[in-house]
>>> print(open('work-v1.cif').read())   # mmCIF, C-alpha atoms
data_upload
loop_
_atom_site.label_atom_id
_atom_site.label_comp_id
_atom_site.auth_asym_id
_atom_site.auth_seq_id
_atom_site.Cartn_x
_atom_site.Cartn_y
_atom_site.Cartn_z
CA MET A 842 9.86 0.84 19.67
CA ALA A 843 6.70 1.29 17.61
CA LYS A 844 5.90 4.77 16.36
CA ALA A 845 3.00 6.60 17.94
CA ASP A 846 -0.10 7.17 15.82
CA TYR A 847 0.22 10.49 13.97
CA TYR A 848 -3.31 11.55 14.94
CA GLU A 849 -2.57 10.84 18.61
CA THR A 850 0.71 12.76 18.35
CA LEU A 851 -1.16 15.87 17.18
CA GLY A 852 -4.12 15.19 19.46
CA VAL A 853 -6.74 15.34 16.70
CA ASP A 854 -9.57 13.15 15.46
CA ARG A 855 -8.97 11.02 12.34
CA LYS A 856 -11.57 13.15 10.53
CA ALA A 857 -9.86 16.45 11.38
CA ASP A 858 -9.68 18.92 8.50
CA GLU A 859 -6.64 20.94 7.41
CA ALA A 860 -7.43 23.89 9.67
CA ALA A 861 -7.78 21.65 12.73
CA LEU A 862 -4.49 19.90 11.94
CA LYS A 863 -2.63 23.21 11.60
CA SER A 864 -4.15 24.66 14.75
CA ALA A 865 -3.28 21.57 16.80
CA PHE A 866 0.26 21.52 15.47
CA ARG A 867 0.86 25.22 16.17
CA LYS A 868 -0.33 24.90 19.77
CA LYS A 869 1.80 21.87 20.54
CA ALA A 870 4.88 23.07 18.64
CA MET A 871 4.90 26.41 20.47
CA GLY A 872 5.40 24.56 23.75
CA CYS A 873 8.30 22.33 22.73
CA HIS A 874 10.23 24.16 20.00
CA PRO A 875 13.99 23.59 20.53
CA ASP A 876 14.73 27.34 20.22
CA ARG A 877 12.59 27.88 23.30
CA HIS A 878 14.13 24.92 25.13
CA PRO A 879 17.83 24.91 24.21
CA GLY A 880 19.60 21.72 25.26
CA ASP A 881 16.35 19.93 26.10
CA ALA A 882 16.58 16.62 24.21
CA ASP A 883 13.03 15.64 25.17
CA ALA A 884 11.60 18.87 23.73
CA GLU A 885 13.57 18.37 20.52
CA ARG A 886 12.30 14.80 20.21
CA LYS A 887 8.68 15.88 20.74
CA PHE A 888 9.01 18.65 18.18
CA LYS A 889 10.44 16.28 15.59
CA GLU A 890 7.55 13.86 16.17
CA LEU A 891 5.04 16.70 15.78
CA ASN A 892 6.80 17.92 12.65
CA GLU A 893 6.75 14.45 11.08
CA ALA A 894 3.10 13.85 11.93
CA TYR A 895 2.03 17.24 10.58
CA GLN A 896 3.93 16.89 7.30
CA ILE A 897 2.27 13.54 6.60
CA LEU A 898 -1.28 14.43 7.63
CA SER A 899 -1.28 17.89 6.01
CA ASP A 900 -0.57 16.35 2.59
CA PRO A 901 -3.82 14.77 1.25
CA GLN A 902 -2.08 12.00 -0.70
CA LYS A 903 0.38 11.10 2.04
CA ARG A 904 -2.47 11.16 4.54
CA ALA A 905 -4.50 8.78 2.36
CA ALA A 906 -1.53 6.42 2.14
CA TYR A 907 -1.04 6.59 5.94
CA ASP A 908 -4.76 5.94 6.60
CA ARG A 909 -4.56 2.80 4.46
CA PHE A 910 -1.12 1.40 5.25
CA GLY A 911 -0.08 3.13 8.47
CA HIS A 912 3.62 3.83 9.03
CA GLY A 913 4.45 1.06 6.54
CA ALA A 914 3.44 3.42 3.68
CA PHE A 915 6.62 5.45 4.28
CA GLU A 916 9.11 2.71 4.97
CA ASN A 917 11.46 1.27 2.36
CA GLY A 918 9.88 -1.60 0.46
CA GLY A 919 7.81 -2.60 -2.37
CA GLY A 920 3.03 -1.64 -5.73
CA GLY A 921 -4.10 -0.64 -16.01
CA GLY A 922 -1.61 1.80 -14.32
CA GLY A 923 -2.38 5.10 -12.77
CA PHE A 924 -0.08 7.92 -11.79
CA SER A 925 -0.28 10.74 -9.30
CA GLY A 926 2.09 13.01 -7.40
CA PHE A 927 2.95 12.14 -3.82
CA GLY A 928 3.64 15.69 -2.75
CA GLY A 929 7.07 17.16 -3.18
CA GLY A 930 9.51 19.59 -1.75
CA ALA A 931 11.74 19.32 1.23
CA GLY A 932 9.77 21.38 3.69
CA GLY A 933 11.20 20.17 6.96
CA PHE A 934 12.11 21.46 10.36
CA SER A 935 13.09 25.02 9.48
CA ASP A 936 10.06 25.56 7.22
CA ILE A 937 7.63 24.59 9.97
CA PHE A 938 9.54 26.90 12.32
CA GLU A 939 9.03 29.76 9.91
CA ASP A 940 5.34 28.96 9.47
CA ILE A 941 4.80 29.24 13.23
CA PHE A 942 7.24 31.93 14.30
CA GLY A 943 7.85 33.85 11.07
CA GLU A 944 4.51 35.64 11.34
CA MET A 945 5.74 37.40 14.49
CA MET A 946 8.56 38.85 12.42
CA GLY A 947 6.39 39.67 9.42
CA GLY A 948 8.03 36.92 7.39
CA GLY A 949 6.66 34.37 4.97
CA ARG A 950 7.33 30.72 4.33
CA ALA A 951 9.43 29.13 1.61
CA ARG A 952 9.54 25.40 0.94
CA ARG A 953 13.32 24.99 0.89
CA ASN A 954 15.62 22.64 2.72
CA PRO A 955 18.55 23.92 4.81
CA SER A 956 21.00 23.29 1.95
CA GLY A 957 19.01 25.64 -0.28
CA ARG A 958 18.29 22.90 -2.81
CA GLU A 959 14.67 21.90 -2.97
CA ARG A 960 14.19 18.16 -3.24
CA GLY A 961 12.01 16.98 -6.09
CA GLY A 962 8.53 15.68 -5.35
CA ASP A 963 7.82 11.99 -4.78
CA LEU A 964 5.61 10.33 -7.37
CA ARG A 965 3.00 7.58 -7.08
CA TYR A 966 2.09 5.04 -9.75
CA ASN A 967 -0.83 2.63 -9.34
CA MET A 968 -0.31 -0.74 -11.03
CA GLU A 969 -2.71 -3.68 -11.35
CA ILE A 970 -1.53 -7.19 -12.21
CA SER A 971 -3.16 -10.63 -12.48
CA LEU A 972 -2.75 -13.43 -9.94
CA GLU A 973 -0.77 -15.37 -12.55
CA GLU A 974 1.64 -12.43 -12.90
CA ALA A 975 1.95 -12.22 -9.12
CA TYR A 976 2.84 -15.94 -9.11
CA GLN A 977 5.43 -15.75 -11.89
CA GLY A 978 6.76 -12.25 -11.32
CA LYS A 979 7.31 -9.91 -14.25
CA THR A 980 9.20 -6.96 -15.62
CA ALA A 981 6.76 -4.15 -16.41
CA GLN A 982 7.34 -1.13 -18.61
CA ILE A 983 5.62 1.99 -17.31
CA ARG A 984 5.44 5.59 -18.50
CA VAL A 985 5.54 8.27 -15.84
CA PRO A 986 4.97 12.00 -16.40
CA THR A 987 7.57 13.78 -14.31
CA THR A 988 10.17 16.56 -14.32
CA ILE A 989 13.80 16.07 -15.30
CA ALA A 990 16.87 18.28 -15.14
CA CYS A 991 16.81 20.80 -17.98
CA GLU A 992 19.17 19.63 -20.72
CA THR A 993 19.78 23.14 -22.03
CA CYS A 994 21.20 24.54 -18.79
CA SER A 995 22.17 21.21 -17.16
CA GLY A 996 19.81 21.96 -14.30
CA SER A 997 21.41 25.25 -13.22
CA GLY A 998 18.52 27.43 -14.38
CA ALA A 999 20.93 29.92 -15.93
CA LYS A 1000 21.10 30.80 -19.62
CA ALA A 1001 23.77 28.94 -21.59
CA GLY A 1002 27.14 30.71 -21.21
CA THR A 1003 26.21 32.22 -17.84
CA ASN A 1004 26.26 30.94 -14.27
CA PRO A 1005 24.23 31.65 -11.15
CA THR A 1006 25.86 34.10 -8.75
CA SER A 1007 26.05 33.91 -4.99
CA CYS A 1008 23.27 35.83 -3.26
CA ALA A 1009 24.58 39.12 -1.86
CA MET A 1010 22.05 39.23 0.99
CA CYS A 1011 22.74 35.81 2.56
CA GLY A 1012 26.25 35.21 1.21
CA GLY A 1013 25.14 31.98 -0.44
CA SER A 1014 23.78 30.29 2.69
CA GLY A 1015 20.12 30.74 1.76
CA ARG A 1016 19.35 31.84 5.35
CA VAL A 1017 19.35 35.19 7.13
CA ARG A 1018 19.06 36.01 10.84
CA GLN A 1019 16.95 38.76 12.28
CA ALA A 1020 17.11 39.82 15.93
CA SER A 1021 14.03 40.88 17.88
CA GLY A 1022 14.39 41.45 21.59
CA PHE A 1023 15.58 38.28 23.27
CA PHE A 1024 15.04 36.19 20.13
CA SER A 1025 17.20 35.72 17.08
CA VAL A 1026 15.15 34.19 14.27
CA GLU A 1027 16.69 32.48 11.27
CA ARG A 1028 14.59 32.65 8.13
CA THR A 1029 14.79 31.82 4.46
CA CYS A 1030 16.58 34.55 2.56
CA PRO A 1031 13.88 36.71 0.87
CA SER A 1032 16.24 37.68 -1.95
CA CYS A 1033 17.09 34.18 -3.28
CA ASN A 1034 14.22 32.26 -1.64
CA GLY A 1035 16.68 30.02 0.14
CA LEU A 1036 18.63 28.89 -2.90
CA GLY A 1037 21.78 30.85 -2.03
CA GLN A 1038 22.09 31.91 -5.65
CA THR A 1039 20.50 34.40 -7.98
CA ILE A 1040 20.14 34.20 -11.75
CA LYS A 1041 20.40 37.33 -13.86
CA ASP A 1042 19.80 35.58 -17.19
CA PRO A 1043 17.42 32.62 -16.74
CA CYS A 1044 17.42 29.70 -19.16
CA PRO A 1045 14.68 30.31 -21.76
CA LYS A 1046 13.70 26.63 -21.90
CA CYS A 1047 13.01 26.09 -18.19
CA SER A 1048 12.48 29.75 -17.18
CA GLY A 1049 15.20 29.45 -14.55
CA GLN A 1050 13.70 26.42 -12.80
CA GLY A 1051 16.43 24.05 -13.90
CA ARG A 1052 13.88 21.35 -14.76
CA THR A 1053 11.34 20.58 -17.47
CA ARG A 1054 8.33 18.29 -17.72
CA GLN A 1055 8.73 15.05 -19.61
CA GLU A 1056 7.23 11.56 -19.72
CA ARG A 1057 9.78 8.90 -18.83
CA SER A 1058 9.74 5.18 -19.60
CA LEU A 1059 10.89 2.95 -16.75
CA SER A 1060 11.38 -0.78 -16.30
CA VAL A 1061 10.00 -2.12 -13.01
CA ASN A 1062 10.76 -5.56 -11.61
CA ILE A 1063 7.74 -7.20 -9.95
CA PRO A 1064 9.04 -10.05 -7.75
CA SER A 1065 7.39 -13.46 -7.69
CA GLY A 1066 4.91 -13.86 -4.83
CA ILE A 1067 4.15 -10.16 -4.44
CA GLU A 1068 0.96 -9.44 -2.51
CA ASP A 1069 -1.91 -7.05 -3.05
CA GLY A 1070 -1.21 -3.63 -1.51
CA THR A 1071 2.58 -3.94 -1.68
CA ARG A 1072 4.47 -0.66 -2.12
CA ILE A 1073 7.63 -0.61 -4.22
CA ARG A 1074 10.03 2.32 -3.76
CA ILE A 1075 12.35 3.27 -6.61
CA ALA A 1076 14.86 5.76 -5.27
CA ASN A 1077 15.66 8.96 -7.22
CA GLU A 1078 13.06 8.28 -9.92
CA GLY A 1079 10.68 11.00 -8.75
CA GLU A 1080 10.65 14.61 -9.90
CA ALA A 1081 13.91 16.50 -10.37
CA GLY A 1082 14.80 19.00 -7.67
CA LEU A 1083 14.79 22.75 -8.26
CA ARG A 1084 18.05 24.01 -9.80
CA GLY A 1085 20.04 20.85 -9.29
CA GLY A 1086 18.32 19.73 -6.10
CA PRO A 1087 18.08 15.97 -5.38
CA ASN A 1088 15.41 13.90 -7.10
CA GLY A 1089 12.38 12.60 -5.26
CA ASP A 1090 11.41 8.92 -5.24
CA LEU A 1091 8.85 6.92 -7.21
CA TYR A 1092 6.40 4.74 -5.27
CA ILE A 1093 4.51 2.00 -7.06
CA PHE A 1094 1.35 0.85 -5.29
CA LEU A 1095 0.42 -2.59 -6.55
CA SER A 1096 -2.96 -4.31 -6.59
CA VAL A 1097 -3.73 -7.89 -7.69
CA LYS A 1098 -6.93 -8.45 -9.66
CA PRO A 1099 -9.48 -10.95 -8.28
CA HIS A 1100 -9.17 -14.39 -9.89
CA ASP A 1101 -12.07 -16.35 -11.39
CA ILE A 1102 -11.09 -19.61 -9.66
CA PHE A 1103 -8.60 -19.03 -6.86
CA GLN A 1104 -8.87 -16.93 -3.73
CA ARG A 1105 -5.67 -15.96 -1.97
CA ASP A 1106 -4.80 -15.71 1.71
CA GLY A 1107 -1.13 -14.85 2.10
CA ALA A 1108 0.80 -17.62 0.36
CA ASP A 1109 -2.13 -20.08 0.38
CA LEU A 1110 -4.72 -20.49 -2.36
CA TYR A 1111 -8.30 -21.71 -2.03
CA CYS A 1112 -10.80 -22.97 -4.59
CA LYS A 1113 -14.08 -24.90 -4.72
CA VAL A 1114 -14.48 -27.93 -6.98
CA PRO A 1115 -17.87 -29.52 -7.76
CA VAL A 1116 -17.80 -33.33 -7.51
CA ALA A 1117 -20.54 -35.68 -8.76
CA MET A 1118 -22.52 -37.42 -6.05
CA ALA A 1119 -21.55 -40.86 -7.34
CA THR A 1120 -17.85 -39.94 -7.30
CA ALA A 1121 -18.12 -38.64 -3.76
CA ALA A 1122 -19.94 -41.81 -2.66
CA LEU A 1123 -17.87 -44.40 -4.52
CA GLY A 1124 -14.53 -42.59 -4.62
CA GLY A 1125 -12.60 -41.44 -7.65
CA ALA A 1126 -10.34 -38.62 -8.79
CA PHE A 1127 -10.29 -35.39 -10.75
CA GLU A 1128 -7.64 -33.07 -12.24
CA VAL A 1129 -7.02 -29.43 -11.37
CA SER A 1130 -4.76 -26.93 -13.11
CA THR A 1131 -2.46 -24.98 -10.78
CA LEU A 1132 -0.82 -21.59 -11.27
CA ASP A 1133 2.51 -23.19 -12.14
CA GLY A 1134 0.91 -24.42 -15.39
CA MET A 1135 0.81 -28.06 -14.30
CA LYS A 1136 -2.16 -30.41 -13.84
CA THR A 1137 -2.49 -32.28 -10.58
CA ARG A 1138 -4.59 -35.39 -9.99
CA VAL A 1139 -6.64 -35.19 -6.80
CA LYS A 1140 -7.97 -38.34 -5.14
CA VAL A 1141 -11.49 -38.44 -3.72
CA ASP A 1142 -12.02 -41.02 -1.02
CA ALA A 1143 -15.25 -43.04 -0.95
CA GLY A 1144 -17.82 -41.36 1.25
CA THR A 1145 -16.37 -37.86 0.86
CA GLN A 1146 -18.78 -35.32 2.32
CA ASN A 1147 -19.75 -31.91 1.01
CA GLY A 1148 -17.42 -29.17 2.26
CA ARG A 1149 -14.44 -31.44 2.87
CA GLN A 1150 -11.14 -29.65 2.31
CA LEU A 1151 -8.28 -31.31 0.47
CA ARG A 1152 -4.75 -29.93 0.79
CA LEU A 1153 -2.18 -29.87 -2.03
CA LYS A 1154 1.12 -29.06 -0.35
CA GLY A 1155 3.40 -26.58 -2.16
CA LYS A 1156 0.82 -25.74 -4.83
CA GLY A 1157 0.01 -22.27 -3.51
CA MET A 1158 1.81 -18.96 -4.06
CA PRO A 1159 5.56 -18.38 -3.72
CA VAL A 1160 6.64 -16.51 -0.59
CA MET A 1161 8.27 -13.31 -1.85
CA ARG A 1162 12.08 -13.43 -1.77
CA GLN A 1163 12.07 -16.80 0.00
CA HIS A 1164 12.40 -20.41 -1.16
CA GLN A 1165 8.99 -21.36 0.20
CA MET A 1166 5.60 -22.14 -1.30
CA GLY A 1167 2.14 -21.92 0.14
CA ASP A 1168 -0.49 -24.66 -0.19
CA LEU A 1169 -3.60 -25.08 -2.31
CA TYR A 1170 -6.79 -25.97 -0.45
CA ILE A 1171 -9.61 -27.53 -2.45
CA GLN A 1172 -13.10 -27.56 -0.99
CA VAL A 1173 -15.30 -30.36 -2.31
CA GLU A 1174 -18.83 -29.38 -3.27
CA VAL A 1175 -20.90 -32.52 -3.80
CA GLU A 1176 -23.34 -31.93 -6.65
CA THR A 1177 -26.85 -33.37 -6.37
CA PRO A 1178 -27.99 -35.01 -9.66
CA GLN A 1179 -30.47 -33.03 -11.74
CA ASN A 1180 -32.67 -33.74 -14.80
CA LEU A 1181 -32.94 -37.45 -14.00
CA THR A 1182 -34.17 -39.96 -16.56
CA ARG A 1183 -36.84 -42.47 -15.53
CA ARG A 1184 -34.27 -45.22 -15.19
CA GLN A 1185 -31.99 -43.04 -13.06
CA ARG A 1186 -34.92 -42.17 -10.80
CA GLU A 1187 -35.83 -45.85 -10.45
CA LEU A 1188 -32.28 -46.70 -9.47
CA LEU A 1189 -32.14 -43.93 -6.88
CA GLU A 1190 -35.49 -45.01 -5.44
CA GLU A 1191 -34.23 -48.57 -5.24
CA PHE A 1192 -31.06 -47.33 -3.56
CA ASP A 1193 -33.13 -45.34 -1.08
CA SER A 1194 -35.27 -48.36 -0.23
CA LEU A 1195 -32.14 -50.36 0.48
CA SER A 1196 -30.47 -47.61 2.52
CA SER A 1197 -30.02 -47.74 6.28
CA LYS A 1198 -28.88 -45.38 9.00
CA GLU A 1199 -25.32 -46.52 8.41
CA ASN A 1200 -25.42 -45.03 4.89
CA SER A 1201 -26.33 -41.54 6.18
CA PRO A 1202 -25.13 -41.39 9.80
CA GLU A 1203 -25.02 -37.60 9.96
CA SER A 1204 -28.63 -36.98 8.92
CA SER A 1205 -29.90 -39.96 10.97
CA GLY A 1206 -28.09 -38.73 14.04
CA PHE A 1207 -29.33 -35.17 13.58
CA PHE A 1208 -33.00 -36.10 13.34
CA HIS A 1209 -32.67 -38.40 16.32
CA ARG A 1210 -31.27 -35.53 18.40
CA PHE A 1211 -33.97 -33.22 17.02
CA LYS A 1212 -36.72 -35.56 18.24
CA ASP A 1213 -35.09 -35.92 21.66
CA PHE A 1214 -34.86 -32.15 22.04
CA PHE A 1215 -38.56 -31.58 21.35
CA GLY A 1216 -39.72 -34.66 23.21
CA LEU A 1217 -40.80 -36.46 20.06
CA ALA A 1218 -38.74 -39.58 20.56
CA GLY A 1219 -41.81 -41.80 20.80
CA ASP A 1220 -43.51 -40.48 17.66
#
>>> encode(input="work-v1.cif", output="structure tokens")
Amino acid sequence: MAKADYYETLGVDRKADEAALKSAFRKKAMGCHPDRHPGDADAERKFKELNEAYQILSDPQKRAAYDRFGHGAFENGGGGGGFSGFGGGAGGFSDIFEDIFGEMMGGGRARRNPSGRERGGDLRYNMEISLEEAYQGKTAQIRVPTTIACETCSGSGAKAGTNPTSCAMCGGSGRVRQASGFFSVERTCPSCNGLGQTIKDPCPKCSGQGRTRQERSLSVNIPSGIEDGTRIRIANEGEAGLRGGPNGDLYIFLSVKPHDIFQRDGADLYCKVPVAMATAALGGAFEVSTLDGMKTRVKVDAGTQNGRQLRLKGKGMPVMRQHQMGDLYIQVEVETPQNLTRRQRELLEEFDSLSSKENSPESSGFFHRFKDFFGLAGD
């Protein structure tokens, strides 16, 4: 079953700003939160859909990716380079709950997941390749600024020789419950901020974060036949999580540069080839170079007209991860002679004087129909 549009799920316009998104989410979430409808599977499903839609649309970069690629931007799959963050942190169900209901209890919001380990942020890298590289495939070396687990404290955040201790307030769970009337609200522990641990002596290198900034060099495989706009996901190559939390993912968004000769449509290629008028009239042949590095001889039949399309089977692009090839379509553009010598003009005039309707049936037929339409047949 196809996913519903995120904007329709929240009931907002595609141009809605951050405030409108938050307001719409709060109103809808209040009516279907599972804590208010225990055991109601439909309410839980609706809340999860609202939660997912809000998390995507409230993040500018994720929203931009969704606006361009739809739900496909967040599914597993595959593309001068450019880098940017994709938005990190776990956030999730309990964080949204706190954002809506925590204010009633005077609480705040912490971006932690239920396990207490914040997931590292996803990263985005923009890569541009040539059509030849898309045909052949390649292995690209990229450099990505990111965060990695601190080597000094091995990601714990604690000074060498010490260890984090279990939080006394939440007992290491990272969550505390607070009762108010008929409600019992679970919130992120304010003492450890949901981590379940406290650090008395933080690591001096990472200041207790358990991660440091560093530029990493990665090797990326670009498969043969890849198309413009393809997104490649490299799992666990995003930013390191806080204090040993799981890594985020790296997403490579790939674009293929326009080619000087070929235009691409899926696995098929198209190009225009100028052909001399005499060759088109008498017949002949010409050679074209294809992306596989080979030259192919193309036959031109006598009487070939301008705009005729010739098909070279299997000379297009590879179909990614399949043993199939697209086709190459060549459009003939008959070139009218220019800069004629006197002798050439004389020959063309002689040819014209000897020509009949059978030599140019299209133009003769057109002007005959034109005269009939305007009642000029007798002129």
>>> resolve_selection(input="work-v1.cif", expression="the PyMOL selection byres ((chain A and resi 989) around 6)", output="short mmCIF file (atom, residue, chain, number, x, y, z; two decimals) with C-alpha atoms, in the frame of the given file")
data_model
loop_
_atom_site.label_atom_id
_atom_site.label_comp_id
_atom_site.auth_asym_id
_atom_site.auth_seq_id
_atom_site.Cartn_x
_atom_site.Cartn_y
_atom_site.Cartn_z
CA THR A 988 10.17 16.56 -14.32
CA ALA A 990 16.87 18.28 -15.14
CA ARG A 1052 13.88 21.35 -14.76
CA THR A 1053 11.34 20.58 -17.47
CA ALA A 1081 13.91 16.50 -10.37
#
>>> residues_around(input="work-v1.cif", residues="Gly1013 in chain A", least_positions_apart="5", cutoff="8 Å", atoms="only C-alpha atoms", output="list in words")
Ser1007, Cys1008, Leu1036, Gly1037 and Gln1038 of chain A
>>> atom_distance(input="work-v1.cif", atom1="CA of Asp908 in chain A", atom2="CA of Tyr895 in chain A")
13.8 Å
>>> atom_distance(input="work-v1.cif", atom1="CA of Gly1015 in chain A", atom2="CA of Lys863 in chain A")
25.9 Å
>>> closest_residue(input="work-v1.cif", among="A:Pro901, A:Val1141, A:Ala894, A:Phe888", to="Asp858 in chain A", atoms="all atoms listed in the file")
A:Pro901
>>> resolve_selection(input="work-v1.cif", expression="the PyMOL selection byres ((chain A and resi 1073) around 12)", output="ChimeraX atom specification")
/A:913-920,964-968,1061-1064,1067-1072,1074-1076,1078,1090-1096
>>> closest_residue(input="work-v1.cif", among="A:Asp963, A:Asp854, A:Glu885, A:Glu849", to="Lys903 in chain A", atoms="all atoms listed in the file")
A:Asp963
>>> atom_distance(input="work-v1.cif", atom1="CA of Phe1127 in chain A", atom2="CA of Gly1066 in chain A")
27.0 Å
>>> residues_around(input="work-v1.cif", residues="Gln1146 in chain A", least_positions_apart="4", cutoff="10 Å", atoms="all atoms listed in the file", output="JSON, numbers by chain")
{"A": [1118, 1121, 1122, 1141, 1142, 1150, 1173, 1174, 1175]}
>>> write_last_selection(input="work-v1.cif", atoms="C-alpha atoms", output="PDB file, keeping the file's coordinate frame")
ATOM      1  CA  MET A1118     -22.520 -37.420  -6.050  1.00  0.00           C
ATOM      2  CA  ALA A1121     -18.120 -38.640  -3.760  1.00  0.00           C
ATOM      3  CA  ALA A1122     -19.940 -41.810  -2.660  1.00  0.00           C
ATOM      4  CA  VAL A1141     -11.490 -38.440  -3.720  1.00  0.00           C
ATOM      5  CA  ASP A1142     -12.020 -41.020  -1.020  1.00  0.00           C
ATOM      6  CA  GLN A1150     -11.140 -29.650   2.310  1.00  0.00           C
ATOM      7  CA  VAL A1173     -15.300 -30.360  -2.310  1.00  0.00           C
ATOM      8  CA  GLU A1174     -18.830 -29.380  -3.270  1.00  0.00           C
ATOM      9  CA  VAL A1175     -20.900 -32.520  -3.800  1.00  0.00           C
TER      10      VAL A1175
END
>>> axis_aligned_box(input="work-v1.cif", around="range 1195-1204 of chain A", padding_each_side="5 Å", output="AutoDock Vina command-line options")
--center_x -28.6 --center_y -43.7 --center_z 5.2 --size_x 17.1 --size_y 23.4 --size_z 19.5
>>> resolve_selection(input="work-v1.cif", expression="the PyMOL selection byres ((chain A and resi 991) around 8)", output="list in words")
Ile989, Ala990, Glu992, Thr993, Cys994, Ser995, Gly996, Ser997, Gly998, Lys1046, Cys1047, Gly1051, Arg1052 and Thr1053 of chain A
>>> residues_around(input="work-v1.cif", residues="Lys1000 in chain A", least_positions_apart="2", cutoff="8 Å", atoms="only C-alpha atoms", output="list in words")
Cys994, Gly998, Gly1002, Thr1003, Asn1004, Asp1042, Pro1043, Cys1044, Pro1045 and Gly1049 of chain A
>>> residues_around(input="work-v1.cif", residues="range 1133-1140 of chain A", least_positions_apart="2", cutoff="10 Å", atoms="all atoms listed in the file", output="CSV table (one decimal) with C-alpha atoms, in the frame of the given file")
chain,number,residue,atom,x,y,z
A,973,GLU,CA,-0.8,-15.4,-12.6
A,976,TYR,CA,2.8,-15.9,-9.1
A,977,GLN,CA,5.4,-15.8,-11.9
A,1124,GLY,CA,-14.5,-42.6,-4.6
A,1125,GLY,CA,-12.6,-41.4,-7.6
A,1126,ALA,CA,-10.3,-38.6,-8.8
A,1127,PHE,CA,-10.3,-35.4,-10.8
A,1128,GLU,CA,-7.6,-33.1,-12.2
A,1129,VAL,CA,-7.0,-29.4,-11.4
A,1130,SER,CA,-4.8,-26.9,-13.1
A,1131,THR,CA,-2.5,-25.0,-10.8
A,1142,ASP,CA,-12.0,-41.0,-1.0
A,1143,ALA,CA,-15.2,-43.0,-1.0
A,1151,LEU,CA,-8.3,-31.3,0.5
A,1152,ARG,CA,-4.8,-29.9,0.8
A,1153,LEU,CA,-2.2,-29.9,-2.0
A,1156,LYS,CA,0.8,-25.7,-4.8
A,1157,GLY,CA,0.0,-22.3,-3.5
A,1158,MET,CA,1.8,-19.0,-4.1
A,1171,ILE,CA,-9.6,-27.5,-2.4
>>> residues_around(input="work-v1.cif", residues="Leu1110 in chain A", least_positions_apart="6", cutoff="7 Å", atoms="all atoms listed in the file", output="list of chain:residue names")
A:Phe1103, A:Gln1104, A:Gly1157, A:Met1158, A:Asp1168, A:Leu1169, A:Tyr1170
>>> residues_near_point(input="work-v1.cif", point="(18.2, 38.2, 2.8)", cutoff="7 Å", atoms="all atoms listed in the file", output="list in words")
Met1010, Cys1011, Arg1016, Val1017, Cys1030, Pro1031 and Ser1032 of chain A
